[in-house]
Amino acid sequence: MSRQVSYRWRLRKAMADADMFTSTALVGPLAERGITLSASQVHRLVTGTPERLNLAVLAALCDILQVSPANLITVDAADAAAAAVAGTGTGTGNPVSGLAPPRPRRVTLEP
């Protein structure tokens with residue numbers, strides 16, 4: 001039986017718990033730890049869910065926020081058949097939970 005594994009990125013919650021409410025507040029502390037990221041890169045890290053993450057960045061975030069990696073990343077795993085029966089999918093026929101349905105394409109109208 002196959003297993004369905006997903007994860008949730010909880011950096012924004014960890015930042016709020018540490019009274020940090022803007023992504024730019026991380027730029028300086030990351031630079032002090034040798035991680036040079038632009039403000040836009042840090043913003044994407046805070047607001048999005050990274051598919052790849054450098055372990056040095058993860059370690060620096062844990063040090064800055066005084067948390068463990070388990071506080072930043074939560075893992076959900078279930079048997080694929082049980083997940084389909086339980087309705088943990090997105091409801092769009094997409095078996096991977098947490099993914100949004102595809103966005104519609106923009107139409108150009110001509111006279």
# chains A, B, ... in the order shown; residues from 1 in each chain; ligands from 1
call {"tool": "select_by_dssp", "arguments": {"residues": "chain A", "states": "helix (DSSP H, G or I)", "output": "ChimeraX atom specification"}}
result
/A:11-17,23-32,39-47,55-65,69-72,80-86
call {"tool": "write_last_selection", "arguments": {"atoms": "N, CA and C atoms", "output": "short mmCIF file (atom, residue, chain, number, x, y, z; two decimals), in the first residue's frame"}}
result
data_model
loop_
_atom_site.label_atom_id
_atom_site.label_comp_id
_atom_site.auth_asym_id
_atom_site.auth_seq_id
_atom_site.Cartn_x
_atom_site.Cartn_y
_atom_site.Cartn_z
N LEU A 11 6.66 28.76 9.34
CA LEU A 11 7.59 29.83 9.69
C LEU A 11 6.84 31.07 10.16
N ARG A 12 5.75 31.41 9.48
CA ARG A 12 5.02 32.62 9.86
C ARG A 12 4.49 32.52 11.29
N LYS A 13 3.98 31.35 11.69
CA LYS A 13 3.48 31.16 13.05
C LYS A 13 4.62 31.26 14.06
N ALA A 14 5.76 30.64 13.74
CA ALA A 14 6.91 30.70 14.64
C ALA A 14 7.40 32.14 14.79
N MET A 15 7.35 32.91 13.71
CA MET A 15 7.74 34.31 13.79
C MET A 15 6.77 35.09 14.67
N ALA A 16 5.48 34.85 14.51
CA ALA A 16 4.48 35.55 15.32
C ALA A 16 4.65 35.21 16.80
N ASP A 17 4.96 33.95 17.08
CA ASP A 17 5.20 33.55 18.47
C ASP A 17 6.41 34.27 19.06
N SER A 23 8.54 40.18 7.37
CA SER A 23 9.59 39.31 6.84
C SER A 23 10.95 40.00 6.84
N THR A 24 10.96 41.32 6.70
CA THR A 24 12.24 42.03 6.68
C THR A 24 12.95 41.99 8.04
N ALA A 25 12.22 41.65 9.09
CA ALA A 25 12.86 41.54 10.41
C ALA A 25 13.83 40.36 10.46
N LEU A 26 13.73 39.44 9.50
CA LEU A 26 14.64 38.29 9.47
C LEU A 26 15.92 38.56 8.69
N VAL A 27 15.92 39.57 7.84
CA VAL A 27 17.08 39.80 6.96
C VAL A 27 18.35 40.03 7.78
N GLY A 28 18.31 40.92 8.76
CA GLY A 28 19.49 41.22 9.59
C GLY A 28 19.98 40.03 10.39
N PRO A 29 19.08 39.37 11.16
CA PRO A 29 19.53 38.21 11.93
C PRO A 29 20.08 37.07 11.06
N LEU A 30 19.51 36.90 9.86
CA LEU A 30 20.06 35.87 8.96
C LEU A 30 21.46 36.27 8.50
N ALA A 31 21.66 37.56 8.18
CA ALA A 31 22.97 38.03 7.73
C ALA A 31 24.01 37.87 8.84
N GLU A 32 23.61 38.09 10.11
CA GLU A 32 24.53 37.90 11.23
C GLU A 32 25.00 36.46 11.34
N ALA A 39 15.63 40.84 0.60
CA ALA A 39 14.34 41.00 1.27
C ALA A 39 13.25 40.24 0.53
N SER A 40 13.31 40.20 -0.80
CA SER A 40 12.28 39.46 -1.55
C SER A 40 12.43 37.95 -1.36
N GLN A 41 13.66 37.45 -1.25
CA GLN A 41 13.86 36.02 -0.99
C GLN A 41 13.32 35.65 0.39
N VAL A 42 13.56 36.48 1.37
CA VAL A 42 13.06 36.21 2.72
C VAL A 42 11.54 36.29 2.72
N HIS A 43 10.98 37.24 2.00
CA HIS A 43 9.52 37.36 1.91
C HIS A 43 8.91 36.09 1.33
N ARG A 44 9.51 35.56 0.26
CA ARG A 44 9.01 34.31 -0.33
C ARG A 44 9.15 33.15 0.64
N LEU A 45 10.23 33.14 1.42
CA LEU A 45 10.45 32.08 2.40
C LEU A 45 9.39 32.13 3.49
N VAL A 46 8.99 33.34 3.89
CA VAL A 46 8.01 33.50 4.96
C VAL A 46 6.60 33.23 4.46
N THR A 47 6.25 33.75 3.31
CA THR A 47 4.86 33.68 2.84
C THR A 47 4.54 32.42 2.05
N LEU A 55 19.88 23.53 4.54
CA LEU A 55 19.91 23.22 5.97
C LEU A 55 20.56 24.32 6.79
N ALA A 56 21.47 25.07 6.19
CA ALA A 56 22.07 26.20 6.91
C ALA A 56 21.01 27.27 7.18
N VAL A 57 20.11 27.48 6.22
CA VAL A 57 19.03 28.45 6.42
C VAL A 57 18.08 27.94 7.50
N LEU A 58 17.75 26.65 7.45
CA LEU A 58 16.88 26.06 8.48
C LEU A 58 17.50 26.19 9.87
N ALA A 59 18.78 25.89 9.96
CA ALA A 59 19.46 26.00 11.26
C ALA A 59 19.48 27.45 11.75
N ALA A 60 19.71 28.40 10.84
CA ALA A 60 19.72 29.81 11.23
C ALA A 60 18.33 30.25 11.70
N LEU A 61 17.29 29.83 10.99
CA LEU A 61 15.92 30.18 11.40
C LEU A 61 15.61 29.61 12.78
N CYS A 62 16.02 28.37 13.02
CA CYS A 62 15.79 27.76 14.33
C CYS A 62 16.53 28.53 15.42
N ASP A 63 17.75 28.97 15.13
CA ASP A 63 18.52 29.72 16.11
C ASP A 63 17.89 31.09 16.37
N ILE A 64 17.47 31.77 15.32
CA ILE A 64 16.87 33.11 15.46
C ILE A 64 15.58 33.04 16.27
N LEU A 65 14.73 32.07 15.94
CA LEU A 65 13.41 31.98 16.57
C LEU A 65 13.40 31.12 17.83
N PRO A 69 13.41 22.34 14.36
CA PRO A 69 12.85 22.16 13.01
C PRO A 69 11.42 21.61 13.04
N ALA A 70 11.09 20.85 14.07
CA ALA A 70 9.72 20.31 14.18
C ALA A 70 8.69 21.42 14.38
N ASN A 71 9.12 22.57 14.91
CA ASN A 71 8.19 23.69 15.05
C ASN A 71 7.98 24.41 13.72
N LEU A 72 8.91 24.28 12.80
CA LEU A 72 8.80 24.95 11.50
C LEU A 72 8.16 24.06 10.44
N ALA A 80 -2.64 5.96 1.17
CA ALA A 80 -3.30 6.62 0.05
C ALA A 80 -4.76 6.21 -0.05
N ALA A 81 -5.08 4.94 0.14
CA ALA A 81 -6.47 4.49 0.06
C ALA A 81 -7.29 5.09 1.20
N ALA A 82 -6.73 5.14 2.40
CA ALA A 82 -7.45 5.69 3.55
C ALA A 82 -7.66 7.19 3.37
N ALA A 83 -6.69 7.88 2.78
CA ALA A 83 -6.82 9.31 2.57
C ALA A 83 -7.93 9.62 1.57
N ALA A 84 -8.06 8.80 0.53
CA ALA A 84 -9.11 9.02 -0.45
C ALA A 84 -10.48 8.77 0.16
N VAL A 85 -10.60 7.75 1.01
CA VAL A 85 -11.87 7.44 1.66
C VAL A 85 -12.21 8.51 2.69
N ALA A 86 -11.21 8.97 3.43
CA ALA A 86 -11.44 9.94 4.50
C ALA A 86 -11.71 11.34 3.95
#
call {"tool": "atom_distance", "arguments": {"atom1": "CA of Val67 in chain A", "atom2": "CA of Gln4 in chain A"}}
result
26.7 Å
call {"tool": "atom_distance", "arguments": {"atom1": "CA of Leu37 in chain A", "atom2": "CA of Asn54 in chain A"}}
result
11.9 Å
call {"tool": "select_by_dssp", "arguments": {"residues": "chain A", "states": "strand (DSSP E or B)", "output": "list in words"}}
result
Arg3, Gln4, Val5, Ser6, Tyr7, Arg8, Trp9, Ile73, Thr74, Val75, Asp76, Ala77, Ala78 and Asp79 of chain A
call {"tool": "write_last_selection", "arguments": {"atoms": "all heavy atoms", "output": "mmCIF file, in the first residue's frame"}}
result
data_model
loop_
_atom_site.group_PDB
_atom_site.id
_atom_site.type_symbol
_atom_site.label_atom_id
_atom_site.label_comp_id
_atom_site.auth_asym_id
_atom_site.auth_seq_id
_atom_site.Cartn_x
_atom_site.Cartn_y
_atom_site.Cartn_z
ATOM 1 N N ARG A 3 1.815 5.308 0.528
ATOM 2 C CA ARG A 3 1.542 6.327 1.546
ATOM 3 C C ARG A 3 1.581 7.695 0.897
ATOM 4 O O ARG A 3 2.358 7.943 -0.007
ATOM 5 C CB ARG A 3 2.576 6.268 2.666
ATOM 6 C CG ARG A 3 2.608 4.940 3.327
ATOM 7 C CD ARG A 3 2.519 4.807 4.784
ATOM 8 N NE ARG A 3 2.784 5.875 5.673
ATOM 9 C CZ ARG A 3 1.958 6.174 6.674
ATOM 10 N NH1 ARG A 3 0.830 5.519 6.818
ATOM 11 N NH2 ARG A 3 2.254 7.114 7.525
ATOM 12 N N GLN A 4 0.738 8.547 1.365
ATOM 13 C CA GLN A 4 0.681 9.929 0.905
ATOM 14 C C GLN A 4 1.296 10.798 1.991
ATOM 15 O O GLN A 4 0.848 10.782 3.137
ATOM 16 C CB GLN A 4 -0.765 10.320 0.653
ATOM 17 C CG GLN A 4 -0.944 11.718 0.169
ATOM 18 C CD GLN A 4 -2.400 12.035 -0.052
ATOM 19 O OE1 GLN A 4 -3.279 11.252 0.277
ATOM 20 N NE2 GLN A 4 -2.662 13.194 -0.589
ATOM 21 N N VAL A 5 2.336 11.554 1.635
ATOM 22 C CA VAL A 5 3.050 12.370 2.607
ATOM 23 C C VAL A 5 2.985 13.828 2.153
ATOM 24 O O VAL A 5 3.215 14.143 0.992
ATOM 25 C CB VAL A 5 4.529 11.926 2.729
ATOM 26 C CG1 VAL A 5 5.269 12.791 3.724
ATOM 27 C CG2 VAL A 5 4.603 10.466 3.132
ATOM 28 N N SER A 6 2.661 14.705 3.076
ATOM 29 C CA SER A 6 2.674 16.141 2.803
ATOM 30 C C SER A 6 3.252 16.848 4.020
ATOM 31 O O SER A 6 3.446 16.240 5.072
ATOM 32 C CB SER A 6 1.266 16.654 2.489
ATOM 33 O OG SER A 6 0.422 16.473 3.604
ATOM 34 N N TYR A 7 3.534 18.122 3.859
ATOM 35 C CA TYR A 7 4.100 18.886 4.969
ATOM 36 C C TYR A 7 3.511 20.287 4.966
ATOM 37 O O TYR A 7 2.980 20.754 3.969
ATOM 38 C CB TYR A 7 5.628 18.945 4.891
ATOM 39 C CG TYR A 7 6.153 19.696 3.694
ATOM 40 C CD1 TYR A 7 6.482 21.039 3.791
ATOM 41 C CD2 TYR A 7 6.304 19.068 2.467
ATOM 42 C CE1 TYR A 7 6.946 21.737 2.702
ATOM 43 C CE2 TYR A 7 6.764 19.755 1.373
ATOM 44 C CZ TYR A 7 7.086 21.086 1.493
ATOM 45 O OH TYR A 7 7.546 21.773 0.405
ATOM 46 N N ARG A 8 3.614 20.930 6.119
ATOM 47 C CA ARG A 8 3.175 22.312 6.262
ATOM 48 C C ARG A 8 4.343 23.138 6.786
ATOM 49 O O ARG A 8 5.025 22.728 7.717
ATOM 50 C CB ARG A 8 1.992 22.416 7.217
ATOM 51 C CG ARG A 8 0.705 21.927 6.580
ATOM 52 C CD ARG A 8 -0.429 22.015 7.537
ATOM 53 N NE ARG A 8 -0.274 20.848 8.434
ATOM 54 C CZ ARG A 8 -0.950 20.669 9.534
ATOM 55 N NH1 ARG A 8 -1.821 21.553 9.924
ATOM 56 N NH2 ARG A 8 -0.759 19.602 10.263
ATOM 57 N N TRP A 9 4.555 24.275 6.170
ATOM 58 C CA TRP A 9 5.621 25.195 6.551
ATOM 59 C C TRP A 9 5.027 26.210 7.513
ATOM 60 O O TRP A 9 4.107 26.927 7.174
ATOM 61 C CB TRP A 9 6.159 25.851 5.289
ATOM 62 C CG TRP A 9 7.275 26.821 5.461
ATOM 63 C CD1 TRP A 9 7.260 28.129 5.082
ATOM 64 C CD2 TRP A 9 8.573 26.580 5.997
ATOM 65 N NE1 TRP A 9 8.472 28.703 5.365
ATOM 66 C CE2 TRP A 9 9.300 27.779 5.929
ATOM 67 C CE3 TRP A 9 9.194 25.460 6.547
ATOM 68 C CZ2 TRP A 9 10.608 27.889 6.376
ATOM 69 C CZ3 TRP A 9 10.492 25.563 6.997
ATOM 70 C CH2 TRP A 9 11.193 26.767 6.909
ATOM 71 N N ILE A 73 8.322 22.761 10.555
ATOM 72 C CA ILE A 73 7.808 21.839 9.547
ATOM 73 C C ILE A 73 6.985 20.766 10.246
ATOM 74 O O ILE A 73 7.492 20.082 11.131
ATOM 75 C CB ILE A 73 8.962 21.149 8.784
ATOM 76 C CG1 ILE A 73 9.892 22.190 8.168
ATOM 77 C CG2 ILE A 73 8.415 20.210 7.720
ATOM 78 C CD1 ILE A 73 11.201 21.616 7.686
ATOM 79 N N THR A 74 5.727 20.633 9.851
ATOM 80 C CA THR A 74 4.910 19.527 10.358
ATOM 81 C C THR A 74 4.623 18.590 9.196
ATOM 82 O O THR A 74 4.360 19.032 8.075
ATOM 83 C CB THR A 74 3.591 20.011 10.980
ATOM 84 O OG1 THR A 74 2.863 20.750 10.010
ATOM 85 C CG2 THR A 74 3.845 20.873 12.202
ATOM 86 N N VAL A 75 4.690 17.310 9.455
ATOM 87 C CA VAL A 75 4.532 16.290 8.426
ATOM 88 C C VAL A 75 3.220 15.551 8.641
ATOM 89 O O VAL A 75 2.903 15.176 9.772
ATOM 90 C CB VAL A 75 5.714 15.289 8.459
ATOM 91 C CG1 VAL A 75 5.534 14.197 7.429
ATOM 92 C CG2 VAL A 75 7.025 16.027 8.240
ATOM 93 N N ASP A 76 2.485 15.354 7.554
ATOM 94 C CA ASP A 76 1.254 14.573 7.573
ATOM 95 C C ASP A 76 1.461 13.379 6.654
ATOM 96 O O ASP A 76 1.884 13.542 5.511
ATOM 97 C CB ASP A 76 0.069 15.394 7.067
ATOM 98 C CG ASP A 76 -0.171 16.631 7.910
ATOM 99 O OD1 ASP A 76 -0.080 16.526 9.133
ATOM 100 O OD2 ASP A 76 -0.446 17.691 7.323
ATOM 101 N N ALA A 77 1.161 12.185 7.155
ATOM 102 C CA ALA A 77 1.290 10.983 6.343
ATOM 103 C C ALA A 77 0.089 10.089 6.583
ATOM 104 O O ALA A 77 -0.384 9.962 7.708
ATOM 105 C CB ALA A 77 2.578 10.237 6.690
ATOM 106 N N ALA A 78 -0.414 9.502 5.507
ATOM 107 C CA ALA A 78 -1.551 8.598 5.605
ATOM 108 C C ALA A 78 -1.481 7.609 4.452
ATOM 109 O O ALA A 78 -0.846 7.873 3.433
ATOM 110 C CB ALA A 78 -2.864 9.373 5.553
ATOM 111 N N ASP A 79 -2.125 6.463 4.623
ATOM 112 C CA ASP A 79 -2.230 5.513 3.531
ATOM 113 C C ASP A 79 -3.046 6.152 2.424
ATOM 114 O O ASP A 79 -4.054 6.818 2.672
ATOM 115 C CB ASP A 79 -2.884 4.217 3.986
ATOM 116 C CG ASP A 79 -2.002 3.452 4.968
ATOM 117 O OD1 ASP A 79 -0.770 3.606 4.883
ATOM 118 O OD2 ASP A 79 -2.545 2.719 5.810
#
